[in-house]
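Chemist: Below is the structure I would like to discuss, written out as structure tokens.
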Amino acid sequence: MEAHVFQKDQTATTASACQPSEGRPTAVPPTLSLECRADVLFLLASSAGMTPEGFLRAKAFVRSFVQASLDEDSRARVGVAWYSRELELAVPVGEYQDVPDLVRSLEAIPFSGGATLTGSALRQVAERGFGSATWTGQDRPRRVVVLLTESGTQDEVAGPARHARARGLLLLGVGSEAVRAELEEITGSPEHVMVYADPQDLVSQVPELQGKL
């Protein structure tokens with residue numbers, strides 16, 4: 001299926017309009033506007049260390065983000081992948097009819113259990129997570145990977161993360177306090193990491209994520 005309904009004028013916006021906002025919002029607004037052209041791939045850990053409850057929280061976070069952020073005027077396209085030992089691309093970036101269709105595909109993603117091989121997933125995302133399209137200059141959207149995990153990796157992540165960033169991917173991490181250091185290593189900056197002490201506070205990170213895109 002390939003039906004990109006969010007296809008507002010694809011010309012580049014001004015640099016000032018696409019700068020990340022400063023500070024942390026205190027509440028989730030009813031609608032968040034993504035002014036920049038961006039391809040955003042959510043990468044969800046679905047390993048035993050994540051637990052079924054943690055995986056459901058991650059899916060709820062993605063659902064809240066897309067419902068608050070995407071509409072017919074949005075310049076962003078979203079995709080969803082999940083991993084444990086292997087990477088599975090559940091929703092290729094932009095390949096959904098509308099937000100309800102995207103949410104249905106998200107809800108259908110199963111919890112898999114197994115090992116947490118975040119490094120392997122990052123390397124695969126860098127190679128095939130955004131398709132094979134060739135972009136140049138201002139035609140190229142910002143490509144963002146949002147990693148959601150509560151489980152420490154069981155493989156090496158520094159090399160795959162550097163490889164992904166070298167390919168022009170912006171890596172953002174959302175997770176529990178227990179994986180803060182790992183997420184900082186993956187993303188390359190504490191500014192690219194959002195952590196929560198209470199799992200029930202995860203959805204409150206949605207405005208902060210929107211501000212980093």
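Ordering of the structure tokens sets the chain letters (A, B, ...), residue numbers begin anew at 1 in every chain, and ligands are numbered from 1 in the order given.
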Excluding Leu43 in chain A and residues on its chain fewer than 2 positions from it, collect all residues at most 6 Å away from it, counting only C-alpha atoms, and give them as a ChimeraX atom specification.
Modeler: /A:81-82,146-147
Chemist: Would you mind exporting N, CA and C atoms of the selected residues as a PDB file, in the first residue's frame?
Modeler:
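Result saved to out39.pdb:
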```pdb
ATOM      1  N   ALA A  81       8.693   0.683  13.234  1.00  0.00           N
ATOM      2  CA  ALA A  81       9.410  -0.589  13.198  1.00  0.00           C
ATOM      3  C   ALA A  81       9.552  -1.108  14.620  1.00  0.00           C
ATOM      4  N   TRP A  82       9.726  -2.421  14.753  1.00  0.00           N
ATOM      5  CA  TRP A  82       9.946  -3.005  16.069  1.00  0.00           C
ATOM      6  C   TRP A  82      11.028  -4.063  15.960  1.00  0.00           C
ATOM      7  N   VAL A 146      13.247   7.586  16.180  1.00  0.00           N
ATOM      8  CA  VAL A 146      12.877   7.741  17.590  1.00  0.00           C
ATOM      9  C   VAL A 146      12.869   6.351  18.212  1.00  0.00           C
ATOM     10  N   LEU A 147      13.878   6.071  19.024  1.00  0.00           N
ATOM     11  CA  LEU A 147      14.010   4.775  19.687  1.00  0.00           C
ATOM     12  C   LEU A 147      13.277   4.800  21.017  1.00  0.00           C
TER      13      LEU A 147
END
```
Chemist: If we count only C-alpha atoms, what is near Gln154 in chain A at a cut-off of 9 Å, once residues fewer than 4 positions away on the same chain are taken out, given as number ranges by chain?
Modeler: A: 115-119
Chemist: Could you check the closest approach to Leu213 in chain A for each of A:Pro52, A:Tyr83, A:Ser64, A:Ser69 and tell me which residue wins, using only C-alpha atoms?
Modeler: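 Ranked by minimum distance to Leu213 in chain A, first place goes to A:Ser69.
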Chemist: Considering only C-alpha atoms, tabulate each residue of range 104-138 of chain A that lies at most 12 Å from range 171-188 of chain A along with its nearest interatomic pair and the corresponding distance in Å to one decimal; arrange the rows by chain and ascending residue number and present them as a Markdown table.
Modeler:
```
| residue | atom | partner | partner_atom | distance |
| --- | --- | --- | --- | --- |
| A:Thr118 | CA | A:Ile186 | CA | 9.5 |
| A:Gly119 | CA | A:Ile186 | CA | 8.9 |
| A:Ala121 | CA | A:Ile186 | CA | 11.9 |
| A:Leu122 | CA | A:Ile186 | CA | 9.1 |
| A:Arg123 | CA | A:Ile186 | CA | 11.5 |
| A:Val125 | CA | A:Leu171 | CA | 10.9 |
| A:Ala126 | CA | A:Leu171 | CA | 10.4 |
```
Chemist: Can you spit out the residues from that selection as a short mmCIF file (atom, residue, chain, number, x, y, z; two decimals), in the first residue's frame, using C-alpha atoms?
Modeler:
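result.cif, freshly written:
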```cif
data_model
loop_
_atom_site.label_atom_id
_atom_site.label_comp_id
_atom_site.auth_asym_id
_atom_site.auth_seq_id
_atom_site.Cartn_x
_atom_site.Cartn_y
_atom_site.Cartn_z
CA THR A 118 19.46 -2.59 19.67
CA GLY A 119 22.76 -2.25 17.81
CA ALA A 121 18.32 -2.85 14.78
CA LEU A 122 20.04 0.53 14.40
CA ARG A 123 22.32 -0.78 11.68
CA VAL A 125 17.37 0.97 10.14
CA ALA A 126 20.28 2.96 8.72
#
```
Chemist: Once DSSP has gone over the backbone, tell me which residues of range 11-194 of chain A are in strand (DSSP E or B), as a short mmCIF file (atom, residue, chain, number, x, y, z; two decimals) with N, CA and C atoms, in the first residue's frame.
Modeler:
```cif
data_model
loop_
_atom_site.label_atom_id
_atom_site.label_comp_id
_atom_site.auth_asym_id
_atom_site.auth_seq_id
_atom_site.Cartn_x
_atom_site.Cartn_y
_atom_site.Cartn_z
N ALA A 38 9.75 16.20 7.43
CA ALA A 38 10.50 15.19 8.16
C ALA A 38 9.91 13.81 7.93
N ASP A 39 10.80 12.83 7.82
CA ASP A 39 10.41 11.43 7.83
C ASP A 39 10.81 10.87 9.19
N VAL A 40 9.84 10.41 9.96
CA VAL A 40 10.07 9.99 11.34
C VAL A 40 9.76 8.50 11.46
N LEU A 41 10.77 7.72 11.83
CA LEU A 41 10.58 6.29 12.03
C LEU A 41 10.67 5.98 13.52
N PHE A 42 9.58 5.50 14.09
CA PHE A 42 9.57 5.06 15.48
C PHE A 42 10.09 3.63 15.55
N LEU A 43 11.10 3.41 16.40
CA LEU A 43 11.73 2.11 16.55
C LEU A 43 11.46 1.60 17.96
N LEU A 44 10.61 0.59 18.08
CA LEU A 44 10.13 0.10 19.37
C LEU A 44 10.82 -1.20 19.75
N ALA A 45 11.42 -1.22 20.94
CA ALA A 45 11.94 -2.48 21.47
C ALA A 45 10.76 -3.38 21.83
N ALA A 76 5.20 16.15 7.94
CA ALA A 76 5.91 14.96 8.42
C ALA A 76 5.23 13.69 7.94
N ARG A 77 6.03 12.67 7.70
CA ARG A 77 5.54 11.32 7.42
C ARG A 77 6.11 10.40 8.49
N VAL A 78 5.34 9.41 8.87
CA VAL A 78 5.71 8.55 9.99
C VAL A 78 5.79 7.10 9.52
N GLY A 79 6.68 6.34 10.15
CA GLY A 79 6.75 4.90 9.98
C GLY A 79 6.98 4.26 11.34
N VAL A 80 6.75 2.96 11.43
CA VAL A 80 6.92 2.24 12.69
C VAL A 80 7.65 0.93 12.43
N ALA A 81 8.69 0.68 13.23
CA ALA A 81 9.41 -0.59 13.20
C ALA A 81 9.55 -1.11 14.62
N TRP A 82 9.73 -2.42 14.75
CA TRP A 82 9.95 -3.00 16.07
C TRP A 82 11.03 -4.06 15.96
N TYR A 83 11.63 -4.38 17.10
CA TYR A 83 12.74 -5.32 17.06
C TYR A 83 12.90 -6.04 18.39
N LEU A 87 14.86 -6.97 13.08
CA LEU A 87 14.07 -5.76 12.82
C LEU A 87 12.88 -6.11 11.93
N GLU A 88 11.72 -5.62 12.29
CA GLU A 88 10.52 -5.77 11.46
C GLU A 88 9.96 -4.38 11.16
N LEU A 89 9.78 -4.08 9.88
CA LEU A 89 9.24 -2.79 9.47
C LEU A 89 7.74 -2.93 9.33
N ALA A 90 7.00 -2.52 10.36
CA ALA A 90 5.55 -2.72 10.39
C ALA A 90 4.83 -1.74 9.48
N VAL A 91 5.25 -0.47 9.49
CA VAL A 91 4.64 0.56 8.66
C VAL A 91 5.78 1.33 7.99
N TYR A 96 0.56 4.87 4.52
CA TYR A 96 -0.71 4.68 5.22
C TYR A 96 -1.71 5.63 4.60
N ARG A 142 14.24 15.88 6.59
CA ARG A 142 14.99 15.44 7.76
C ARG A 142 14.55 14.01 8.08
N ARG A 143 15.51 13.14 8.32
CA ARG A 143 15.21 11.74 8.63
C ARG A 143 15.53 11.50 10.11
N VAL A 144 14.52 11.06 10.84
CA VAL A 144 14.62 10.95 12.29
C VAL A 144 14.24 9.54 12.72
N VAL A 145 15.04 8.96 13.61
CA VAL A 145 14.71 7.69 14.25
C VAL A 145 14.43 7.96 15.71
N VAL A 146 13.25 7.59 16.18
CA VAL A 146 12.88 7.74 17.59
C VAL A 146 12.87 6.35 18.21
N LEU A 147 13.88 6.07 19.02
CA LEU A 147 14.01 4.78 19.69
C LEU A 147 13.28 4.80 21.02
N LEU A 148 12.38 3.84 21.22
CA LEU A 148 11.67 3.70 22.49
C LEU A 148 12.05 2.38 23.13
N THR A 149 12.66 2.45 24.32
CA THR A 149 13.09 1.23 24.99
C THR A 149 13.15 1.42 26.50
N LEU A 169 21.10 10.42 9.78
CA LEU A 169 19.91 10.20 10.60
C LEU A 169 20.05 10.94 11.93
N LEU A 170 19.00 11.62 12.32
CA LEU A 170 18.91 12.20 13.66
C LEU A 170 18.35 11.12 14.57
N LEU A 171 19.10 10.74 15.59
CA LEU A 171 18.66 9.71 16.53
C LEU A 171 18.16 10.37 17.81
N LEU A 172 16.93 10.04 18.19
CA LEU A 172 16.34 10.50 19.44
C LEU A 172 15.97 9.28 20.27
N GLY A 173 16.13 9.40 21.58
CA GLY A 173 15.84 8.27 22.46
C GLY A 173 14.80 8.62 23.50
N VAL A 174 13.85 7.72 23.71
CA VAL A 174 12.82 7.87 24.74
C VAL A 174 12.84 6.59 25.56
N GLY A 175 13.04 6.72 26.88
CA GLY A 175 13.10 5.51 27.68
C GLY A 175 13.11 5.78 29.16
N SER A 176 13.26 4.73 29.92
CA SER A 176 13.28 4.82 31.37
C SER A 176 14.63 5.35 31.84
N VAL A 193 17.78 12.99 24.29
CA VAL A 193 17.23 11.91 25.11
C VAL A 193 16.11 12.43 25.99
N MET A 194 15.02 11.68 26.07
CA MET A 194 13.89 11.98 26.94
C MET A 194 13.66 10.78 27.84
#
```
Chemist: Nearest to Arg57 in chain A: which of A:Gln205, A:Arg75, A:Gly152, A:Ser120 is it, counting only C-alpha atoms?
Modeler: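 The answer is A:Gln205, which sits nearest to Arg57 in chain A.
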Chemist: Would you return as a ChimeraX atom specification the members of range 86-204 of chain A that DSSP assigns to alpha helix (DSSP H) on this structure's backbone?
Modeler: /A:99-107,118-128,158-166,180-187
Chemist: Take the residues from that selection and put them in a file with N, CA and C atoms, as a CSV table (one decimal), in the first residue's frame.
Modeler:
```
chain,number,residue,atom,x,y,z
A,99,VAL,N,-4.5,8.9,9.4
A,99,VAL,CA,-4.0,8.6,10.8
A,99,VAL,C,-4.8,7.3,11.3
A,100,PRO,N,-6.1,7.2,11.2
A,100,PRO,CA,-6.7,6.0,11.7
A,100,PRO,C,-6.1,4.7,11.1
A,101,ASP,N,-5.7,4.7,9.8
A,101,ASP,CA,-5.1,3.5,9.2
A,101,ASP,C,-3.8,3.3,9.8
A,102,LEU,N,-3.0,4.3,10.1
A,102,LEU,CA,-1.7,4.2,10.7
A,102,LEU,C,-1.9,3.6,12.1
A,103,VAL,N,-2.8,4.1,12.9
A,103,VAL,CA,-3.1,3.6,14.3
A,103,VAL,C,-3.5,2.2,14.3
A,104,ARG,N,-4.3,1.8,13.3
A,104,ARG,CA,-4.7,0.4,13.2
A,104,ARG,C,-3.5,-0.5,13.0
A,105,SER,N,-2.6,-0.1,12.1
A,105,SER,CA,-1.4,-0.9,11.9
A,105,SER,C,-0.5,-0.9,13.1
A,106,LEU,N,-0.4,0.2,13.8
A,106,LEU,CA,0.4,0.2,15.0
A,106,LEU,C,-0.2,-0.7,16.1
A,107,GLU,N,-1.5,-0.7,16.3
A,107,GLU,CA,-2.1,-1.6,17.3
A,107,GLU,C,-1.9,-3.1,17.0
A,118,THR,N,19.7,-4.0,20.1
A,118,THR,CA,19.5,-2.6,19.7
A,118,THR,C,20.5,-2.2,18.6
A,119,GLY,N,21.7,-2.6,18.8
A,119,GLY,CA,22.8,-2.2,17.8
A,119,GLY,C,22.4,-2.8,16.4
A,120,SER,N,22.0,-4.1,16.4
A,120,SER,CA,21.7,-4.7,15.1
A,120,SER,C,20.5,-3.9,14.5
A,121,ALA,N,19.5,-3.6,15.3
A,121,ALA,CA,18.3,-2.8,14.8
A,121,ALA,C,18.7,-1.5,14.2
A,122,LEU,N,19.6,-0.8,14.9
A,122,LEU,CA,20.0,0.5,14.4
A,122,LEU,C,20.8,0.4,13.1
A,123,ARG,N,21.6,-0.6,12.9
A,123,ARG,CA,22.3,-0.8,11.7
A,123,ARG,C,21.3,-1.1,10.5
A,124,GLN,N,20.4,-1.9,10.8
A,124,GLN,CA,19.4,-2.2,9.8
A,124,GLN,C,18.5,-1.0,9.4
A,125,VAL,N,18.2,-0.2,10.4
A,125,VAL,CA,17.4,1.0,10.1
A,125,VAL,C,18.2,1.9,9.3
A,126,ALA,N,19.5,2.1,9.5
A,126,ALA,CA,20.3,3.0,8.7
A,126,ALA,C,20.3,2.5,7.3
A,127,GLU,N,20.3,1.2,7.1
A,127,GLU,CA,20.4,0.7,5.7
A,127,GLU,C,19.1,0.6,5.0
A,128,ARG,N,18.0,0.3,5.6
A,128,ARG,CA,16.8,0.1,4.9
A,128,ARG,C,15.5,0.7,5.5
A,158,ALA,N,27.5,1.4,20.0
A,158,ALA,CA,28.3,2.6,19.7
A,158,ALA,C,28.6,2.6,18.2
A,159,GLY,N,29.1,1.6,17.6
A,159,GLY,CA,29.4,1.5,16.2
A,159,GLY,C,28.2,1.7,15.3
A,160,PRO,N,27.1,0.9,15.5
A,160,PRO,CA,25.9,1.1,14.7
A,160,PRO,C,25.3,2.5,14.8
A,161,ALA,N,25.4,3.0,16.0
A,161,ALA,CA,24.8,4.4,16.2
A,161,ALA,C,25.6,5.4,15.4
A,162,ARG,N,26.9,5.3,15.5
A,162,ARG,CA,27.8,6.2,14.7
A,162,ARG,C,27.5,6.1,13.2
A,163,HIS,N,27.3,4.8,12.8
A,163,HIS,CA,27.0,4.6,11.4
A,163,HIS,C,25.7,5.2,11.0
A,164,ALA,N,24.7,5.1,11.8
A,164,ALA,CA,23.4,5.7,11.5
A,164,ALA,C,23.5,7.2,11.4
A,165,ARG,N,24.2,7.8,12.4
A,165,ARG,CA,24.3,9.3,12.4
A,165,ARG,C,25.2,9.7,11.2
A,166,ALA,N,26.2,9.0,10.8
A,166,ALA,CA,27.0,9.3,9.6
A,166,ALA,C,26.2,9.3,8.3
A,180,ARG,N,19.2,5.6,30.5
A,180,ARG,CA,19.6,7.0,30.1
A,180,ARG,C,21.0,7.0,29.4
A,181,ALA,N,21.9,6.4,30.1
A,181,ALA,CA,23.3,6.4,29.6
A,181,ALA,C,23.4,5.8,28.3
A,182,GLU,N,22.7,4.7,28.1
A,182,GLU,CA,22.8,4.0,26.8
A,182,GLU,C,22.2,4.9,25.7
A,183,LEU,N,21.0,5.5,26.0
A,183,LEU,CA,20.4,6.4,25.0
A,183,LEU,C,21.3,7.5,24.7
A,184,GLU,N,22.0,8.1,25.6
A,184,GLU,CA,22.9,9.2,25.3
A,184,GLU,C,24.0,8.7,24.4
A,185,GLU,N,24.5,7.5,24.6
A,185,GLU,CA,25.6,7.0,23.8
A,185,GLU,C,25.0,6.8,22.4
A,186,ILE,N,23.8,6.3,22.2
A,186,ILE,CA,23.2,6.0,20.9
A,186,ILE,C,23.0,7.3,20.2
A,187,THR,N,22.4,8.3,20.8
A,187,THR,CA,22.0,9.5,20.2
A,187,THR,C,23.1,10.5,20.0
```
Chemist: For His192 in chain A, which residue among A:Gly131, A:Pro207, A:Lys212, A:Lys59 is the nearest when counting only C-alpha atoms?
Modeler: A:Lys212
Chemist: Which distance in Å separates CA of Pro110 in chain A and CA of Glu156 in chain A, to one decimal?
Modeler: 25.1 Å
Chemist: Work out how far apart CA of Ala108 in chain A and CA of Asp73 in chain A are and give it in Å to one decimal.
Modeler: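 The value is 26.3 Å.
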Chemist: Under the rule that only C-alpha atoms are counted, which of A:Leu70, A:Gly129, A:Arg167, A:Glu150 is the nearest residue to Tyr196 in chain A?
Modeler: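 Among A:Leu70, A:Gly129, A:Arg167, A:Glu150, it is A:Glu150 that comes nearest to Tyr196 in chain A.
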